[in-house]
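Participant: Got a file for you: model.tsv, TSV, C-alpha atoms and all ligand atoms.
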chain	number	residue	atom	x	y	z
L	1	MET	CA	136.25	92.06	154.74
L	2	ASP	CA	134.65	94.21	152.07
L	3	HIS	CA	136.34	97.02	150.16
L	4	LYS	CA	135.09	99.57	152.66
L	5	GLY	CA	136.81	97.72	155.48
L	6	ARG	CA	140.06	97.56	153.52
L	7	LEU	CA	139.88	101.30	152.81
L	8	GLN	CA	139.22	102.11	156.45
L	9	ARG	CA	142.16	100.04	157.62
L	10	LEU	CA	144.43	101.83	155.18
L	11	GLN	CA	143.08	105.24	156.11
L	12	GLN	CA	143.93	104.52	159.72
L	13	ALA	CA	147.49	103.64	158.67
L	14	LEU	CA	147.72	106.91	156.71
L	15	ARG	CA	146.66	108.88	159.74
L	16	GLN	CA	149.23	107.13	161.91
L	17	GLN	CA	152.00	107.73	159.42
L	18	ARG	CA	151.00	111.35	158.84
L	19	PHE	CA	150.25	111.22	155.14
L	20	ASP	CA	147.63	113.72	153.94
L	21	THR	CA	147.09	111.75	150.75
L	22	LEU	CA	148.26	108.45	149.30
L	23	LEU	CA	148.27	108.10	145.52
L	24	VAL	CA	147.68	104.45	144.69
L	25	THR	CA	149.02	103.78	141.20
L	26	HIS	CA	149.59	100.02	141.25
L	27	PRO	CA	146.63	98.35	139.46
L	28	ALA	CA	146.53	95.36	141.85
L	29	ASN	CA	146.39	97.75	144.82
L	30	VAL	CA	143.63	99.80	143.19
L	31	SER	CA	141.66	96.64	142.54
L	32	TYR	CA	142.17	95.43	146.11
L	33	LEU	CA	140.98	98.69	147.62
L	34	CYS	CA	137.94	99.51	145.48
L	35	GLY	CA	137.33	96.61	143.09
L	36	PHE	CA	138.22	98.48	139.88
L	37	THR	CA	140.14	96.30	137.42
L	38	GLY	CA	140.57	98.71	134.50
L	39	SER	CA	144.07	99.37	133.18
L	40	ALA	CA	143.94	103.13	133.82
L	41	GLY	CA	143.05	104.07	137.36
L	42	VAL	CA	144.62	106.05	140.18
L	43	MET	CA	143.22	106.30	143.67
L	44	ALA	CA	143.71	109.34	145.86
L	45	LEU	CA	143.21	108.28	149.42
L	46	SER	CA	143.05	110.64	152.35
L	47	PRO	CA	142.25	109.77	155.95
L	48	LYS	CA	138.71	111.01	155.24
L	49	GLY	CA	137.87	109.88	151.72
L	50	ALA	CA	138.78	107.92	148.63
L	51	THR	CA	138.51	108.92	144.98
L	52	LEU	CA	139.22	106.84	141.90
L	53	PHE	CA	140.35	108.73	138.81
L	54	THR	CA	139.93	106.99	135.48
L	55	ASP	CA	139.16	107.90	131.87
L	56	GLY	CA	136.22	107.78	129.47
L	57	ARG	CA	136.80	104.18	128.40
L	58	TYR	CA	135.86	103.00	131.86
L	59	ILE	CA	132.63	104.86	132.64
L	60	ALA	CA	130.45	101.75	132.67
L	61	GLN	CA	133.05	99.47	134.23
L	62	ALA	CA	133.83	101.89	137.06
L	63	LYS	CA	130.12	102.26	137.81
L	64	GLU	CA	129.73	98.51	137.98
L	65	GLN	CA	132.87	97.67	139.98
L	66	VAL	CA	133.88	100.49	142.28
L	67	GLN	CA	132.92	100.23	145.92
L	68	GLY	CA	133.74	102.62	148.74
L	69	ALA	CA	135.30	105.35	146.56
L	70	ARG	CA	134.04	108.32	144.56
L	71	VAL	CA	134.66	108.04	140.83
L	72	VAL	CA	135.99	110.88	138.69
L	73	ILE	CA	136.04	110.33	134.92
L	74	ALA	CA	138.61	112.73	133.47
L	75	PRO	CA	139.54	113.63	129.90
L	76	LYS	CA	143.24	113.47	130.86
L	77	PRO	CA	145.46	110.72	132.28
L	78	PRO	CA	144.23	109.67	135.75
L	79	LEU	CA	147.40	110.79	137.54
L	80	ALA	CA	147.19	114.25	135.97
L	81	ALA	CA	143.52	114.47	136.95
L	82	ALA	CA	144.39	113.49	140.51
L	83	ALA	CA	147.09	116.18	140.59
L	84	VAL	CA	144.65	118.90	139.46
L	85	ARG	CA	142.19	117.87	142.15
L	86	LEU	CA	144.93	117.77	144.80
L	87	ALA	CA	146.26	121.18	143.84
L	88	LYS	CA	142.82	122.66	144.50
L	89	SER	CA	142.82	121.28	148.03
L	90	ARG	CA	145.78	123.44	148.97
L	91	GLY	CA	145.82	124.64	152.58
L	92	ARG	CA	148.30	126.71	154.53
L	93	ARG	CA	150.61	123.98	155.67
L	94	THR	CA	152.67	121.43	153.78
L	95	HIS	CA	150.55	118.66	152.27
L	96	VAL	CA	152.37	115.31	152.35
L	97	VAL	CA	151.50	113.12	149.35
L	98	GLY	CA	152.56	109.49	149.59
L	99	ILE	CA	153.52	107.76	146.34
L	100	GLU	CA	154.09	104.09	145.63
L	101	ALA	CA	157.78	104.24	144.77
L	102	GLU	CA	157.77	100.71	143.35
L	103	HIS	CA	154.93	101.62	141.00
L	104	MET	CA	155.62	105.10	139.68
L	105	SER	CA	157.98	105.90	136.83
L	106	VAL	CA	160.51	108.69	137.13
L	107	ALA	CA	158.66	110.49	134.32
L	108	SER	CA	155.33	110.28	136.16
L	109	ARG	CA	156.89	111.56	139.34
L	110	THR	CA	158.44	114.51	137.52
L	111	ARG	CA	155.12	115.43	135.89
L	112	LEU	CA	153.27	115.05	139.18
L	113	SER	CA	155.74	117.21	141.00
L	114	ALA	CA	155.50	119.91	138.30
L	115	ALA	CA	151.69	119.90	138.48
L	116	LEU	CA	151.55	120.46	142.23
L	117	PRO	CA	152.14	123.75	144.07
L	118	ARG	CA	155.24	124.06	146.22
L	119	SER	CA	153.37	123.41	149.44
L	120	PHE	CA	152.95	119.78	148.37
L	121	ARG	CA	155.66	117.30	149.21
L	122	LEU	CA	155.93	113.93	147.45
L	123	LYS	CA	157.16	111.20	149.75
L	124	PRO	CA	157.64	107.50	148.97
L	125	ALA	CA	155.18	105.66	151.20
L	126	PRO	CA	155.85	102.30	152.83
L	127	ALA	CA	154.12	99.43	150.99
L	128	LEU	CA	150.97	99.84	153.07
L	129	VAL	CA	148.56	98.22	150.63
L	130	GLU	CA	150.91	95.29	149.98
L	131	GLN	CA	151.21	94.72	153.73
L	132	SER	CA	147.46	94.65	154.07
L	133	ARG	CA	147.15	92.31	151.08
L	134	MET	CA	149.44	89.74	152.69
L	135	ILE	CA	146.64	88.61	155.01
L	136	LYS	CA	143.76	87.25	152.98
L	137	ASP	CA	140.21	87.48	154.33
L	138	GLY	CA	137.71	84.63	154.06
L	139	GLU	CA	136.29	85.87	150.78
L	140	GLU	CA	139.73	86.06	149.21
L	141	ILE	CA	140.67	82.59	150.42
L	142	ASP	CA	137.50	81.24	148.79
L	143	LEU	CA	138.44	82.94	145.52
L	144	ILE	CA	141.97	81.53	145.76
L	145	ARG	CA	140.58	78.05	146.41
L	146	GLY	CA	138.57	78.40	143.21
L	147	ALA	CA	141.63	79.40	141.19
L	148	VAL	CA	143.72	76.59	142.71
L	149	ARG	CA	141.03	74.03	141.88
L	150	LEU	CA	140.78	75.16	138.27
L	151	GLY	CA	144.58	75.32	137.93
L	152	ALA	CA	145.10	71.87	139.42
L	153	GLY	CA	142.59	70.47	136.92
L	154	LEU	CA	145.09	71.28	134.17
L	155	PHE	CA	147.35	68.55	135.52
L	156	ASP	CA	145.05	66.05	133.80
L	157	THR	CA	145.59	67.91	130.52
L	158	ILE	CA	149.34	67.50	131.02
L	159	LEU	CA	148.99	63.77	131.61
L	160	GLU	CA	146.83	63.40	128.50
L	161	ASN	CA	149.27	65.28	126.29
L	162	ILE	CA	152.83	64.64	127.48
L	163	ARG	CA	154.43	61.95	125.35
L	164	LEU	CA	157.96	61.22	124.26
L	165	GLY	CA	158.59	63.49	121.25
L	166	THR	CA	155.67	65.91	121.82
L	167	ARG	CA	156.73	69.56	121.75
L	168	GLU	CA	156.72	71.38	125.10
L	169	SER	CA	154.73	74.22	123.53
L	170	ASP	CA	152.01	71.83	122.35
L	171	VAL	CA	151.48	70.65	125.93
L	172	ALA	CA	151.35	74.28	127.12
L	173	ALA	CA	148.90	75.17	124.33
L	174	GLU	CA	146.52	72.37	125.32
L	175	MET	CA	146.69	73.49	128.95
L	176	GLU	CA	146.01	77.10	128.12
L	177	HIS	CA	143.10	76.15	125.89
L	178	ALA	CA	141.64	73.96	128.64
L	179	ALA	CA	142.08	76.77	131.17
L	180	ARG	CA	140.10	79.22	129.07
L	181	ARG	CA	137.43	76.63	128.38
L	182	ALA	CA	137.11	76.08	132.13
L	183	GLY	CA	136.53	79.79	132.69
L	184	ALA	CA	139.97	81.14	133.56
L	185	GLU	CA	140.62	84.77	132.62
L	186	GLY	CA	144.12	83.77	131.61
L	187	MET	CA	147.29	82.11	132.81
L	188	SER	CA	148.91	83.75	135.83
L	189	PHE	CA	152.34	83.58	134.07
L	190	PRO	CA	153.80	81.98	130.90
L	191	THR	CA	153.48	78.22	131.35
L	192	ILE	CA	156.72	76.39	132.14
L	193	ILE	CA	157.15	72.97	130.53
L	194	ALA	CA	160.84	72.15	130.73
L	195	ALA	CA	161.88	68.67	129.66
L	196	GLY	CA	165.14	66.71	129.66
L	197	GLN	CA	168.17	68.95	130.12
L	198	ARG	CA	165.86	71.96	130.03
L	199	SER	CA	164.38	70.81	133.36
L	200	ALA	CA	167.56	72.25	134.92
L	201	LEU	CA	166.37	75.75	133.92
L	202	PRO	CA	164.23	76.90	136.87
L	203	HIS	CA	162.22	79.16	134.54
L	204	GLY	CA	162.30	77.17	131.31
L	205	ARG	CA	159.26	78.44	129.42
L	206	ALA	CA	157.72	75.88	127.10
L	207	SER	CA	159.81	75.81	123.92
L	208	THR	CA	159.25	74.13	120.57
L	209	GLU	CA	161.72	71.38	121.55
L	210	PRO	CA	160.42	67.79	121.48
L	211	ILE	CA	160.21	66.15	124.90
L	212	PRO	CA	163.01	63.61	125.42
L	213	GLU	CA	163.29	60.95	128.14
L	214	GLY	CA	163.83	62.33	131.61
L	215	PHE	CA	162.27	64.78	134.04
L	216	VAL	CA	159.70	67.34	132.89
L	217	VAL	CA	159.13	70.33	135.17
L	218	CYS	CA	155.58	71.68	134.74
L	219	ASP	CA	154.90	75.00	136.51
L	220	PHE	CA	151.61	76.70	135.75
L	221	GLY	CA	148.72	78.68	137.11
L	222	VAL	CA	145.52	80.47	136.17
L	223	ILE	CA	143.72	83.67	137.03
L	224	LEU	CA	140.11	83.21	138.11
L	225	ARG	CA	137.98	86.15	139.30
L	226	GLY	CA	141.14	88.18	139.72
L	227	TYR	CA	143.05	85.69	141.88
L	228	CYS	CA	146.06	83.62	140.83
L	229	SER	CA	147.03	80.00	141.27
L	230	ASP	CA	150.54	78.55	141.07
L	231	MET	CA	151.74	74.95	141.20
L	232	THR	CA	154.59	72.78	139.97
L	233	ARG	CA	154.77	69.07	139.40
L	234	THR	CA	157.69	67.18	137.88
L	235	LEU	CA	157.01	64.07	135.82
L	236	TYR	CA	159.35	61.53	134.29
L	237	VAL	CA	159.15	60.40	130.68
L	238	GLY	CA	160.61	56.91	130.38
L	239	ARG	CA	161.86	54.71	133.21
L	240	PRO	CA	163.61	56.63	135.98
L	241	THR	CA	166.89	55.23	137.29
L	242	ALA	CA	167.37	54.69	141.02
L	243	GLU	CA	169.44	57.88	141.04
L	244	ALA	CA	166.63	59.86	139.42
L	245	ARG	CA	164.16	58.52	141.98
L	246	LEU	CA	166.46	59.50	144.87
L	247	PHE	CA	166.89	62.96	143.40
L	248	TYR	CA	163.12	63.38	143.15
L	249	GLN	CA	162.63	62.01	146.66
L	250	ALA	CA	165.11	64.53	148.10
L	251	VAL	CA	163.21	67.47	146.60
L	252	TRP	CA	159.91	66.04	147.81
L	253	GLU	CA	161.29	65.71	151.33
L	254	ALA	CA	162.55	69.30	151.21
L	255	GLN	CA	159.11	70.45	150.13
L	256	GLN	CA	157.55	68.47	152.98
L	257	ALA	CA	160.03	70.00	155.45
L	258	GLY	CA	159.13	73.47	154.19
L	259	ILE	CA	155.42	72.82	154.62
L	260	GLU	CA	155.94	71.45	158.12
L	261	ALA	CA	157.76	74.64	159.11
L	262	VAL	CA	154.78	76.83	158.11
L	263	ARG	CA	152.89	78.06	161.16
L	264	PRO	CA	151.82	81.40	162.59
L	265	GLY	CA	154.72	83.17	164.27
L	266	ALA	CA	157.38	81.43	162.19
L	267	PRO	CA	159.82	83.82	160.50
L	268	VAL	CA	159.83	83.20	156.74
L	269	GLY	CA	163.60	82.64	156.87
L	270	GLN	CA	163.00	79.63	159.09
L	271	VAL	CA	160.72	78.04	156.48
L	272	ASP	CA	163.34	78.65	153.81
L	273	ARG	CA	165.99	77.10	156.05
L	274	ALA	CA	163.87	74.01	156.73
L	275	ALA	CA	163.60	73.25	153.01
L	276	ARG	CA	167.25	74.08	152.38
L	277	ASN	CA	168.50	71.89	155.24
L	278	ALA	CA	166.62	68.90	153.88
L	279	LEU	CA	168.40	69.29	150.54
L	280	LYS	CA	171.70	69.78	152.36
L	281	LYS	CA	171.29	66.38	153.98
L	282	ALA	CA	170.90	64.87	150.52
L	283	GLY	CA	174.02	66.74	149.35
L	284	LEU	CA	171.96	68.85	146.95
L	285	ALA	CA	171.87	72.26	148.67
L	286	ARG	CA	174.09	73.88	146.04
L	287	TYR	CA	171.58	72.99	143.34
L	288	PHE	CA	168.73	74.82	145.08
L	289	THR	CA	169.25	78.21	143.49
L	290	HIS	CA	166.09	80.20	144.27
L	291	SER	CA	163.99	81.11	147.28
L	292	THR	CA	161.53	78.65	148.83
L	293	GLY	CA	158.34	80.48	147.98
L	294	HIS	CA	156.27	83.63	147.72
L	295	GLY	CA	152.87	85.06	148.52
L	296	VAL	CA	150.10	84.62	145.93
L	297	GLY	CA	146.85	86.54	145.55
L	298	LEU	CA	145.82	89.24	143.10
L	299	GLU	CA	149.37	88.92	141.78
L	300	ILE	CA	151.34	85.78	141.09
L	301	HIS	CA	154.28	87.04	143.15
L	302	GLU	CA	153.46	89.16	146.15
L	303	ALA	CA	154.59	89.59	149.74
L	304	PRO	CA	155.84	87.80	151.71
L	305	ARG	CA	158.84	86.27	149.96
L	306	ILE	CA	159.89	83.04	151.64
L	307	ALA	CA	163.64	83.62	151.59
L	308	ALA	CA	166.58	83.68	153.98
L	309	ALA	CA	167.09	87.44	154.04
L	310	GLN	CA	163.42	88.38	154.56
L	311	ARG	CA	162.13	89.64	157.93
L	312	GLU	CA	158.43	88.81	157.62
L	313	VAL	CA	156.71	86.56	160.16
L	314	LEU	CA	153.89	84.24	159.08
L	315	SER	CA	150.34	84.99	160.22
L	316	PRO	CA	147.03	83.19	159.74
L	317	GLY	CA	145.46	84.12	156.39
L	318	MET	CA	148.72	84.38	154.47
L	319	VAL	CA	148.71	82.34	151.26
L	320	ILE	CA	152.17	81.28	150.13
L	321	THR	CA	153.88	78.74	147.90
L	322	ILE	CA	156.41	76.18	149.07
L	323	GLU	CA	158.50	75.28	146.04
L	324	PRO	CA	162.02	74.02	146.57
L	325	GLY	CA	163.83	72.60	143.59
L	326	ALA	CA	167.22	71.18	142.61
L	327	TYR	CA	168.80	71.81	139.22
L	328	VAL	CA	171.94	70.16	137.91
L	329	PRO	CA	172.99	72.20	134.87
L	330	GLY	CA	173.16	70.21	131.64
L	331	ARG	CA	171.56	67.23	133.30
L	332	TRP	CA	168.20	67.52	135.04
L	333	GLY	CA	166.03	69.38	137.49
L	334	VAL	CA	163.07	68.79	139.79
L	335	ARG	CA	160.70	71.23	141.47
L	336	ILE	CA	157.56	70.57	143.50
L	337	GLU	CA	155.27	73.46	144.42
L	338	ASP	CA	152.07	73.72	146.42
L	339	MET	CA	150.07	76.68	147.61
L	340	VAL	CA	149.30	76.67	151.34
L	341	VAL	CA	147.26	78.94	153.60
L	342	VAL	CA	148.59	79.68	157.08
L	343	THR	CA	146.02	78.64	159.72
L	344	ASP	CA	145.83	79.20	163.49
L	345	SER	CA	147.84	76.05	164.17
L	346	GLY	CA	149.96	75.43	161.06
L	347	CYS	CA	148.90	75.40	157.46
L	348	GLU	CA	146.47	73.83	155.04
L	349	ILE	CA	147.74	72.63	151.68
L	350	LEU	CA	145.44	74.05	149.00
L	351	THR	CA	146.90	72.19	145.99
L	352	PRO	CA	145.09	68.83	145.79
L	353	THR	CA	147.38	67.05	143.29
L	354	THR	CA	149.47	63.98	144.15
L	355	LYS	CA	153.23	64.38	144.59
L	356	GLU	CA	154.12	60.76	143.84
L	357	LEU	CA	156.52	60.63	140.89
L	358	ILE	CA	154.38	59.98	137.83
L	359	THR	CA	156.08	58.25	134.94
L	360	ILE	CA	154.85	58.42	131.35
O	1	ZN	ZN	155.11	78.16	140.08
O	2	ZN	ZN	155.65	80.00	142.52
Reformat the file's structure so that it appears as structure tokens.

Facilitator:
Amino acid sequence: MDHKGRLQRLQQALRQQRFDTLLVTHPANVSYLCGFTGSAGVMALSPKGATLFTDGRYIAQAKEQVQGARVVIAPKPPLAAAAVRLAKSRGRRTHVVGIEAEHMSVASRTRLSAALPRSFRLKPAPALVEQSRMIKDGEEIDLIRGAVRLGAGLFDTILENIRLGTRESDVAAEMEHAARRAGAEGMSFPTIIAAGQRSALPHGRASTEPIPEGFVVCDFGVILRGYCSDMTRTLYVGRPTAEARLFYQAVWEAQQAGIEAVRPGAPVGQVDRAARNALKKAGLARYFTHSTGHGVGLEIHEAPRIAAAQREVLSPGMVITIEPGAYVPGRWGVRIEDMVVVTDSGCEILTPTTKELITI
């Protein structure tokens, strides 16, 4: 679906939910709806039209990127410009303006409210754009495949650089260099290389510590043409004991169980439970301290979250991660993460990399 189609779908939702205008302030949502990737942009969307407000730095970029929306270049901050324009559209009745509550500061809301006449009412809107973004169209899935392929290529850089005694940050640096050389716009989040006892930190960013014997959790991703990739592999430096192998195997089986539970119509909580139950059987459930996965797209973490308390149901076109892990504080940790796309009958694993335990 092109940007016009996305806008139309959203405009229909606005009409149904009786919003006169929706102010889209979240950059990823702006980019999704009209293609604009500048850092300063606000969209005012009504059931009949769409306008992007931005400033003088983005004249050329807006002209090149924006599809389906009018562009207004203003000498003031985009939100203030949108408010001035809205105020002029005043009619007799109350004008309901939807705002993205998750993406507007209290200060912005106060200024916006002060700039609008009393007949305007600001109302937090449901996450309409995020809901639409959950289901990727064919073009988006192709872009995601591209990002996943580039990201997975960095696994070779890890294998070439991880050695006993190398610093975690040196491995991350080589990966990030390789990513840029391969055309990535950047990393989708700070690279995690967590070795030895640090592997028990689920979000252990690469530190300047030398890599000791033991597990190394490597969690990394790139941004390519706006879309993110995300994967985790855990390696072992040295010779793993039988206990270490069993520990790894249990996480791998949990990841497999999670993937097998992914199909259209499945509640996300059920996928989370499948992974968690597998670790329970191995006696490791208490060491699995985060949710099973998350949506990935224009942002590294987006809806749906694959967690027990979430209500979402999987549909074809959703792209999610399945990433159970087990972390024994002070000792070791393992995580394995793939990206999958929900298909009509189940799911397709996008991440091509082997999950056999690689030893260095
Ligand atoms: Zn990850
Ligand atoms: Zn992830």

Participant: Taking all atoms listed in the file into account, which of L:Met318, L:Ala257, L:Leu279, L:Ala125 comes nearest Arg18 in chain L?

Facilitator: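 Distance minimum relative to Arg18 in chain L lands on L:Ala125.
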
Participant: Of the candidates L:Leu45, L:Ile322, L:Ala172, L:Ala195, which one gets nearest to ligand ZN 2 (chain O) if we count all atoms listed in the file?

Facilitator: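 So, comparing all the options, the nearest one is L:Ile322.
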
Participant: Can you pull out every residue within 12 Å of Phe220 in chain L, counting only C-alpha atoms, but drop anything in the same chain fewer than 4 positions away, and send it as a PyMOL selection string?

Facilitator: chain L and resi 147-148+150-155+157-158+171-173+175-176+179+186-194+203-206+228-234+300+336-339

Participant: Counting all atoms listed in the file, find the residues whose atoms lie at most 9 Å from (167.2, 73.1, 151.6) (file coordinates) and write them out as a PyMOL selection string.

Facilitator: chain L and resi 251+254-255+257-258+272-281+284-286+288+292+324-325

Participant: Between L:Ala242, L:Val262, L:Gly269, L:Val222, which one has atoms that come closest to ligand ZN 2 (chain O), using all atoms listed in the file?

Facilitator: L:Val222

Participant: Residues within 12 Å of (144.7, 74.9, 155.3), file coordinates, counting only C-alpha atoms: what are they? Give the list as number ranges by chain.

Facilitator: L: 141-142, 144-145, 259, 262-263, 316-320, 338-352

Participant: Fewer than 5 positions away in the same chain doesn't count, so skip those; otherwise give me all residues within 7 Å of Leu23 in chain L, counting only C-alpha atoms, as a list in words.

Facilitator: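 Near neighbours after the sequence-gap exclusion: Val42, Met43, Ala44, Leu45, Gly98 and Ile99 of chain L.
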
Participant: With C-alpha atoms retained, export the selected residues as a PDB file, keeping the file's coordinate frame.

Facilitator:
ATOM      1  CA  VAL L  42     144.620 106.050 140.180  1.00  0.00           C
ATOM      2  CA  MET L  43     143.220 106.300 143.670  1.00  0.00           C
ATOM      3  CA  ALA L  44     143.710 109.340 145.860  1.00  0.00           C
ATOM      4  CA  LEU L  45     143.210 108.280 149.420  1.00  0.00           C
ATOM      5  CA  GLY L  98     152.560 109.490 149.590  1.00  0.00           C
ATOM      6  CA  ILE L  99     153.520 107.760 146.340  1.00  0.00           C
TER       7      ILE L  99
END

Participant: Smallest atom-to-atom distance to ligand ZN 2 (chain O): which of L:Glu160, L:Glu100, L:Glu302, L:Glu140, using all atoms listed in the file?

Facilitator: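 The closest residue to ligand ZN 2 (chain O) is L:Glu302.
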
Participant: So which one's closest to ligand ZN 1 (chain O), L:Val217, L:Ala282, L:Trp252, L:Ile306? Using all atoms listed in the file, please.

Facilitator: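 Selected residue with least distance to ligand ZN 1 (chain O): L:Val217.
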
Participant: Pick from L:Tyr327, L:Phe120, L:Phe215, L:Tyr32: nearest to Asp137 in chain L, with all atoms listed in the file counted?

Facilitator: L:Tyr32

Participant: Quote the spacing between CA of Thr208 in chain L and CA of Asn161 in chain L in Å to one decimal place.

Facilitator: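 So the answer is 14.5 Å.
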
Participant: Which neighbours of Phe53 in chain L fall inside 8 Å, counting all atoms listed in the file, when residues of the same chain fewer than 4 positions from it are skipped, and could you give them as a compact mmCIF listing (two decimals) with C-alpha atoms, in the coordinates of the input?

Facilitator:
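Result file part-v3.txt:
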# COMPACT_ATOMS: atom_id res chain seq x y z
CA GLY L 41 143.05 104.07 137.36
CA VAL L 42 144.62 106.05 140.18
CA MET L 43 143.22 106.30 143.67
CA ALA L 44 143.71 109.34 145.86
CA VAL L 71 134.66 108.04 140.83
CA VAL L 72 135.99 110.88 138.69
CA ILE L 73 136.04 110.33 134.92
CA ALA L 74 138.61 112.73 133.47
CA PRO L 78 144.23 109.67 135.75
CA LEU L 79 147.40 110.79 137.54
CA ALA L 81 143.52 114.47 136.95
CA ALA L 82 144.39 113.49 140.51

Participant: Between CA of Gly293 in chain L and CA of Ala307 in chain L, what is the spacing in Å?

Facilitator: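 Separation of CA of Ala307 in chain L and CA of Gly293 in chain L: 7.1 Å.
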
Participant: Some atoms are absent from range 57-70 of chain L, so rebuild N, CA, C and O atoms and return them as a PDB file, in the frame of the given file.

Facilitator:
ATOM      1  N   ARG L  57     137.002 105.561 128.831  1.00  0.00           N
ATOM      2  CA  ARG L  57     136.800 104.180 128.400  1.00  0.00           C
ATOM      3  C   ARG L  57     136.158 103.331 129.497  1.00  0.00           C
ATOM      4  O   ARG L  57     135.651 102.249 129.235  1.00  0.00           O
ATOM      5  N   TYR L  58     136.258 103.843 130.723  1.00  0.00           N
ATOM      6  CA  TYR L  58     135.860 103.000 131.860  1.00  0.00           C
ATOM      7  C   TYR L  58     134.631 103.485 132.601  1.00  0.00           C
ATOM      8  O   TYR L  58     134.414 103.112 133.749  1.00  0.00           O
ATOM      9  N   ILE L  59     133.807 104.323 131.944  1.00  0.00           N
ATOM     10  CA  ILE L  59     132.630 104.860 132.640  1.00  0.00           C
ATOM     11  C   ILE L  59     131.746 103.724 133.166  1.00  0.00           C
ATOM     12  O   ILE L  59     131.431 103.663 134.358  1.00  0.00           O
ATOM     13  N   ALA L  60     131.379 102.814 132.273  1.00  0.00           N
ATOM     14  CA  ALA L  60     130.450 101.750 132.670  1.00  0.00           C
ATOM     15  C   ALA L  60     131.107 100.784 133.658  1.00  0.00           C
ATOM     16  O   ALA L  60     130.510 100.389 134.660  1.00  0.00           O
ATOM     17  N   GLN L  61     132.369 100.441 133.367  1.00  0.00           N
ATOM     18  CA  GLN L  61     133.050  99.470 134.230  1.00  0.00           C
ATOM     19  C   GLN L  61     133.246 100.012 135.643  1.00  0.00           C
ATOM     20  O   GLN L  61     133.056  99.294 136.621  1.00  0.00           O
ATOM     21  N   ALA L  62     133.611 101.298 135.734  1.00  0.00           N
ATOM     22  CA  ALA L  62     133.830 101.890 137.060  1.00  0.00           C
ATOM     23  C   ALA L  62     132.520 101.897 137.842  1.00  0.00           C
ATOM     24  O   ALA L  62     132.486 101.573 139.031  1.00  0.00           O
ATOM     25  N   LYS L  63     131.431 102.211 137.142  1.00  0.00           N
ATOM     26  CA  LYS L  63     130.120 102.260 137.810  1.00  0.00           C
ATOM     27  C   LYS L  63     129.764 100.886 138.367  1.00  0.00           C
ATOM     28  O   LYS L  63     129.235 100.756 139.465  1.00  0.00           O
ATOM     29  N   GLU L  64     130.088  99.868 137.584  1.00  0.00           N
ATOM     30  CA  GLU L  64     129.730  98.510 137.980  1.00  0.00           C
ATOM     31  C   GLU L  64     130.619  97.988 139.120  1.00  0.00           C
ATOM     32  O   GLU L  64     130.164  97.303 140.022  1.00  0.00           O
ATOM     33  N   GLN L  65     131.923  98.323 139.062  1.00  0.00           N
ATOM     34  CA  GLN L  65     132.870  97.670 139.980  1.00  0.00           C
ATOM     35  C   GLN L  65     133.184  98.429 141.261  1.00  0.00           C
ATOM     36  O   GLN L  65     133.398  97.811 142.298  1.00  0.00           O
ATOM     37  N   VAL L  66     133.267  99.752 141.171  1.00  0.00           N
ATOM     38  CA  VAL L  66     133.880 100.490 142.280  1.00  0.00           C
ATOM     39  C   VAL L  66     132.995 100.520 143.524  1.00  0.00           C
ATOM     40  O   VAL L  66     131.811 100.817 143.455  1.00  0.00           O
ATOM     41  N   GLN L  67     133.609 100.180 144.630  1.00  0.00           N
ATOM     42  CA  GLN L  67     132.920 100.230 145.920  1.00  0.00           C
ATOM     43  C   GLN L  67     133.747 101.064 146.897  1.00  0.00           C
ATOM     44  O   GLN L  67     134.962 100.912 146.962  1.00  0.00           O
ATOM     45  N   GLY L  68     133.087 101.901 147.635  1.00  0.00           N
ATOM     46  CA  GLY L  68     133.740 102.620 148.740  1.00  0.00           C
ATOM     47  C   GLY L  68     134.510 103.865 148.317  1.00  0.00           C
ATOM     48  O   GLY L  68     135.075 104.544 149.167  1.00  0.00           O
ATOM     49  N   ALA L  69     134.557 104.161 147.013  1.00  0.00           N
ATOM     50  CA  ALA L  69     135.300 105.350 146.560  1.00  0.00           C
ATOM     51  C   ALA L  69     134.445 106.160 145.592  1.00  0.00           C
ATOM     52  O   ALA L  69     133.598 105.605 144.892  1.00  0.00           O
ATOM     53  N   ARG L  70     134.675 107.478 145.568  1.00  0.00           N
ATOM     54  CA  ARG L  70     134.040 108.320 144.560  1.00  0.00           C
ATOM     55  C   ARG L  70     134.750 108.080 143.229  1.00  0.00           C
ATOM     56  O   ARG L  70     135.941 107.764 143.221  1.00  0.00           O
TER      57      ARG L  70
END
